[in-house]
Amino acid sequence: MTLNVESPEREEETGKSGFGARFALILIALLWASQLNGLIGLMGSNAQAEIAVHYHTTEIAWFSQIGLLVGVFSTPFIVKCAGMFGTRRLLIVITTLGLVGDLVTALSTNFETLLVGRAIAGFYGPSIALVYALTRDVFPPKLVGPASGFLGGGMGVLALGGPFLSGWVLDDFGYRGVLWFMVIATGISLLALLFVVPESQVREPRTPVDWVGGTLLGGGLASVIYGVGKGQQWGWTSGDTLSFIGFGLLAVIGFVLVERRVAHPMFPITLLGRRRVWSTFLVSSLIMGAIFAQGTVLNLLILMPKIPGLSDGLGWTATKNAWVGAPNSVLLIAVSVATGVLVRRFDSRLLLGIGGTLVTVGVGLMSQFHHSVAQIMSIGVFSGVGMGIVVALVPIMVIESVKPEEQALGNGAQNMMQGVLQGVMTQVAFVLVAQNSNVMKGTAFYVDDSYSKGFLLFAGVIAVGTLLILLIPKAKSLKEAEVGQAA
């Protein structure tokens, strides 16, 4: 049984027509928390080329991947504890861990310590799931949809302002300045959570934590990602590669068997047994995972130096990249806000199909036309509109698919599935990109054909995810979900 106690303030303000100053402030704080992971990921992605050259490493993919591994492993436990002890409380805990990790990263003097810091910061990975669950719990029912759409559209704000901020920091202060900015950004989020955001009153019963199930799930998925990431280095048929991937798959199977037998499962299998839930999670995770993963390859293309015969990067500064991407970021913001309104009138599946199709076209064209400012800006229109639709819809479709008391669990499951697919796709893309790489002084440089293969991979995955929308059955609309929450 789940306890849901309405706070007097929330109940009193339910009938008001707008957000008001209080809810607006909460929304801004949650927006910062929801986009912090993306901001750090964006800045780290922009800095990775300089980091790779500075540390003379061909393993730069792990700069982003190691945090993802930790996030995937820890998600089941964090979501479970959030349901029992309070979503805001757990959000504060993982933000604190993120701050510690960012400090270790900023103070690092070698690549190994850098990775240790990124691993600790990975505990902040499930934050987006907790933010959306908290949004549903602290806002009046009629504001949940607009608030969720606004948070989804925050990706557009990030895409607009993040590159300029990242460009300024990276171009003026180098990669070390980027690492210290991560510390500042995480500290701001922690203060906002402590002093602005209220706690959710929704609670699950305090039952024993299913440590075995959580370890099997998180560890198994992390093992698969790690095995795929090492496949190129170890060889795809080597015993080590097959062992990590095989162990991970067996662990996930073991998790399913364990969850069917324990009294208090870490994750109720019955939730994924519902077609609307598993199909929504699969489609959204494929599309969103590919969207985020392709950003890593795109930033390498743009920021890696252009050296004839060695490297086919564009060699832009981070600031130039920000100016080129700004118009499409504005477009993404406008479209995401409009989508939050349209989804109350049109079937979310139809809108998602339109968004997925546009992103597929954009990324597909990018695989062939990515050599000039004009090409990247014009093709980016397709991706900008499509991404604006997708990022606004994903949290709303989760709301439509699960019960109010399942919100944190549903967001956590979708976030974890997306993280796994993003990690696997990123690793496979790096394998494709590295096939024709040139290594000089310990640093890997990539040729044009490599980038094209990476973009084609992502376009294909997004196209498959878009086609799979046909599997999603019609469910309650956002309006109906809001009525159910109010009741």
# chains A, B, ... in the order shown; residues from 1 in each chain; ligands from 1
$ residues_around --residues "Met84 (chain A)" --least-positions-apart "2" --cutoff "9 Å" --atoms "only C-alpha atoms" --output "PyMOL selection string"
chain A and resi 79-82+86-87+202-207
$ residues_around --residues "region 442-459 of chain A" --least-positions-apart "2" --cutoff "6 Å" --atoms "only C-alpha atoms" --output "list in words"
Val53, His56, Thr57, Thr58, Ala290, Ser311, Asp312, Thr360, Val363, Gly364, Ser367, Ala429, Val433, Ser437, Asn438, Val439, Met440, Val461 and Ile462 of chain A
$ residues_around --residues "region 238-251 of chain A" --least-positions-apart "3" --cutoff "8 Å" --atoms "only C-alpha atoms" --output "list in words"
Leu216, Leu217, Gly219, Gly220, Leu221, Ala222, Ser223, Val224, Ile225, Tyr226, Gly227, Val228, Lys230, Gly231, Trp234, Gly235, Gly254 and Phe255 of chain A
$ closest_residue --among "A:Ile51, A:Val197, A:Leu115, A:Met43" --to "Gln65 (chain A)" --atoms "only C-alpha atoms"
A:Leu115
$ atom_distance --atom1 "CA of Thr95 (chain A)" --atom2 "CA of Ser127 (chain A)"
8.0 Å
$ select_by_dssp --residues "region 285-338 of chain A" --states "alpha helix (DSSP H)" --output "number ranges by chain"
A: 285-303, 318-338
$ closest_residue --among "A:Asp347, A:Ala463, A:Ile354, A:Ala326" --to "Ile376 (chain A)" --atoms "only C-alpha atoms"
A:Ala326
$ atom_distance --atom1 "CA of Ile40 (chain A)" --atom2 "CA of Ser378 (chain A)"
26.8 Å
$ closest_residue --among "A:Ala21, A:Gly174, A:Ile188, A:Pro163" --to "Leu99 (chain A)" --atoms "only C-alpha atoms"
A:Ile188
$ atom_distance --atom1 "CA of Arg136 (chain A)" --atom2 "CA of Gly412 (chain A)"
13.9 Å
$ closest_residue --among "A:Leu191, A:Ile120, A:Val138, A:Leu114" --to "Arg176 (chain A)" --atoms "only C-alpha atoms"
A:Leu114
$ residues_around --residues "Trp316 (chain A)" --least-positions-apart "5" --cutoff "12 Å" --atoms "only C-alpha atoms" --output "PyMOL selection string"
chain A and resi 46+49+167+171+298-306+321-324+371-373
$ write_last_selection --atoms "all heavy atoms" --output "compact mmCIF listing (two decimals), in the first residue's frame"
# COMPACT_ATOMS: atom_id res chain seq x y z
N ASN A 46 32.15 18.21 -24.54
CA ASN A 46 32.92 19.24 -25.23
C ASN A 46 34.40 19.20 -24.84
O ASN A 46 35.27 19.50 -25.66
CB ASN A 46 32.36 20.63 -24.92
CG ASN A 46 31.10 20.94 -25.72
OD1 ASN A 46 30.81 20.28 -26.71
ND2 ASN A 46 30.35 21.92 -25.27
N ALA A 49 37.71 15.96 -26.08
CA ALA A 49 38.79 15.99 -27.07
C ALA A 49 40.07 16.55 -26.46
O ALA A 49 41.17 16.01 -26.64
CB ALA A 49 38.36 16.83 -28.28
N GLY A 167 31.47 26.67 -24.10
CA GLY A 167 32.47 27.27 -24.99
C GLY A 167 33.29 28.33 -24.28
O GLY A 167 34.53 28.37 -24.43
N ASP A 171 37.11 27.45 -23.78
CA ASP A 171 38.04 28.25 -24.58
C ASP A 171 38.90 29.18 -23.73
O ASP A 171 40.05 29.46 -24.07
CB ASP A 171 37.26 29.08 -25.61
CG ASP A 171 36.58 28.22 -26.66
OD1 ASP A 171 36.98 27.05 -26.79
OD2 ASP A 171 35.65 28.71 -27.33
N LEU A 298 28.94 13.53 -32.29
CA LEU A 298 28.84 14.84 -32.94
C LEU A 298 29.86 15.81 -32.37
O LEU A 298 30.52 16.55 -33.11
CB LEU A 298 27.42 15.39 -32.77
CG LEU A 298 27.16 16.77 -33.38
CD1 LEU A 298 27.40 16.76 -34.89
CD2 LEU A 298 25.75 17.24 -33.07
N ASN A 299 30.02 15.81 -31.04
CA ASN A 299 30.98 16.72 -30.42
C ASN A 299 32.42 16.36 -30.77
O ASN A 299 33.27 17.24 -30.90
CB ASN A 299 30.79 16.75 -28.90
CG ASN A 299 29.66 17.67 -28.49
OD1 ASN A 299 29.45 18.72 -29.08
ND2 ASN A 299 28.91 17.28 -27.48
N LEU A 300 32.69 15.07 -30.90
CA LEU A 300 34.03 14.67 -31.35
C LEU A 300 34.31 15.19 -32.76
O LEU A 300 35.38 15.72 -33.04
CB LEU A 300 34.17 13.15 -31.32
CG LEU A 300 34.53 12.49 -29.99
CD1 LEU A 300 34.56 10.98 -30.14
CD2 LEU A 300 35.88 13.00 -29.47
N LEU A 301 33.33 15.03 -33.63
CA LEU A 301 33.47 15.51 -35.01
C LEU A 301 33.76 17.01 -35.03
O LEU A 301 34.65 17.48 -35.74
CB LEU A 301 32.19 15.21 -35.80
CG LEU A 301 31.99 15.97 -37.12
CD1 LEU A 301 33.01 15.50 -38.15
CD2 LEU A 301 30.57 15.82 -37.63
N ILE A 302 33.01 17.77 -34.27
CA ILE A 302 33.10 19.22 -34.31
C ILE A 302 34.37 19.76 -33.66
O ILE A 302 35.01 20.69 -34.16
CB ILE A 302 31.85 19.84 -33.66
CG1 ILE A 302 30.63 19.62 -34.57
CG2 ILE A 302 32.05 21.33 -33.37
CD1 ILE A 302 29.32 20.04 -33.95
N LEU A 303 34.79 19.14 -32.55
CA LEU A 303 35.87 19.72 -31.74
C LEU A 303 37.23 19.07 -31.96
O LEU A 303 38.25 19.64 -31.56
CB LEU A 303 35.49 19.65 -30.26
CG LEU A 303 34.23 20.42 -29.88
CD1 LEU A 303 33.84 20.17 -28.44
CD2 LEU A 303 34.43 21.91 -30.11
N MET A 304 37.26 17.87 -32.56
CA MET A 304 38.56 17.27 -32.86
C MET A 304 39.26 18.12 -33.94
O MET A 304 38.60 18.66 -34.82
CB MET A 304 38.39 15.84 -33.35
CG MET A 304 38.37 14.80 -32.23
SD MET A 304 39.99 14.70 -31.45
CE MET A 304 39.78 13.25 -30.41
N PRO A 305 40.59 18.21 -33.89
CA PRO A 305 41.30 19.06 -34.86
C PRO A 305 41.22 18.50 -36.28
O PRO A 305 41.02 17.30 -36.48
CB PRO A 305 42.75 19.03 -34.35
CG PRO A 305 42.85 17.75 -33.57
CD PRO A 305 41.51 17.56 -32.92
N LYS A 306 41.36 19.39 -37.24
CA LYS A 306 41.41 18.99 -38.65
C LYS A 306 42.88 18.94 -39.06
O LYS A 306 43.55 19.97 -39.16
CB LYS A 306 40.64 19.97 -39.52
CG LYS A 306 40.52 19.52 -40.99
CD LYS A 306 39.61 20.42 -41.76
CE LYS A 306 39.41 19.94 -43.20
NZ LYS A 306 38.77 18.59 -43.23
N ASN A 321 30.83 26.38 -32.02
CA ASN A 321 29.82 25.32 -32.00
C ASN A 321 28.53 25.81 -31.37
O ASN A 321 27.43 25.48 -31.82
CB ASN A 321 30.37 24.12 -31.23
CG ASN A 321 29.42 22.94 -31.22
OD1 ASN A 321 28.65 22.72 -32.15
ND2 ASN A 321 29.46 22.17 -30.14
N ALA A 322 28.66 26.59 -30.30
CA ALA A 322 27.48 27.13 -29.62
C ALA A 322 26.68 28.05 -30.54
O ALA A 322 25.44 27.97 -30.60
CB ALA A 322 27.90 27.88 -28.36
N TRP A 323 27.36 28.94 -31.26
CA TRP A 323 26.65 29.86 -32.16
C TRP A 323 25.96 29.12 -33.30
O TRP A 323 24.84 29.46 -33.68
CB TRP A 323 27.64 30.89 -32.72
CG TRP A 323 27.95 32.00 -31.78
CD1 TRP A 323 29.11 32.22 -31.11
CD2 TRP A 323 27.05 33.04 -31.36
NE1 TRP A 323 29.01 33.32 -30.31
CE2 TRP A 323 27.76 33.85 -30.44
CE3 TRP A 323 25.72 33.37 -31.66
CZ2 TRP A 323 27.19 34.96 -29.83
CZ3 TRP A 323 25.15 34.48 -31.06
CH2 TRP A 323 25.88 35.26 -30.16
N VAL A 324 26.62 28.11 -33.82
CA VAL A 324 26.02 27.35 -34.92
C VAL A 324 24.77 26.60 -34.45
O VAL A 324 23.77 26.51 -35.17
CB VAL A 324 27.05 26.37 -35.51
CG1 VAL A 324 26.39 25.43 -36.52
CG2 VAL A 324 28.18 27.13 -36.18
N HIS A 371 30.00 18.80 -43.13
CA HIS A 371 31.32 19.36 -43.44
C HIS A 371 31.37 20.88 -43.37
O HIS A 371 32.44 21.47 -43.55
CB HIS A 371 31.77 18.90 -44.82
CG HIS A 371 31.73 17.41 -45.00
ND1 HIS A 371 30.71 16.76 -45.68
CD2 HIS A 371 32.56 16.45 -44.55
CE1 HIS A 371 30.93 15.45 -45.66
NE2 HIS A 371 32.05 15.23 -44.98
N SER A 372 30.23 21.53 -43.14
CA SER A 372 30.23 23.00 -43.13
C SER A 372 29.18 23.51 -42.17
O SER A 372 28.28 22.77 -41.75
CB SER A 372 29.95 23.54 -44.53
OG SER A 372 28.61 23.24 -44.93
N VAL A 373 29.27 24.79 -41.86
CA VAL A 373 28.29 25.44 -41.00
C VAL A 373 26.90 25.36 -41.62
O VAL A 373 25.91 25.04 -40.95
CB VAL A 373 28.69 26.91 -40.75
CG1 VAL A 373 27.54 27.65 -40.06
CG2 VAL A 373 29.95 26.99 -39.91
$ closest_residue --among "A:Gly98, A:Gly356, A:Gly380, A:Gly187" --to "Gly460 (chain A)" --atoms "only C-alpha atoms"
A:Gly356
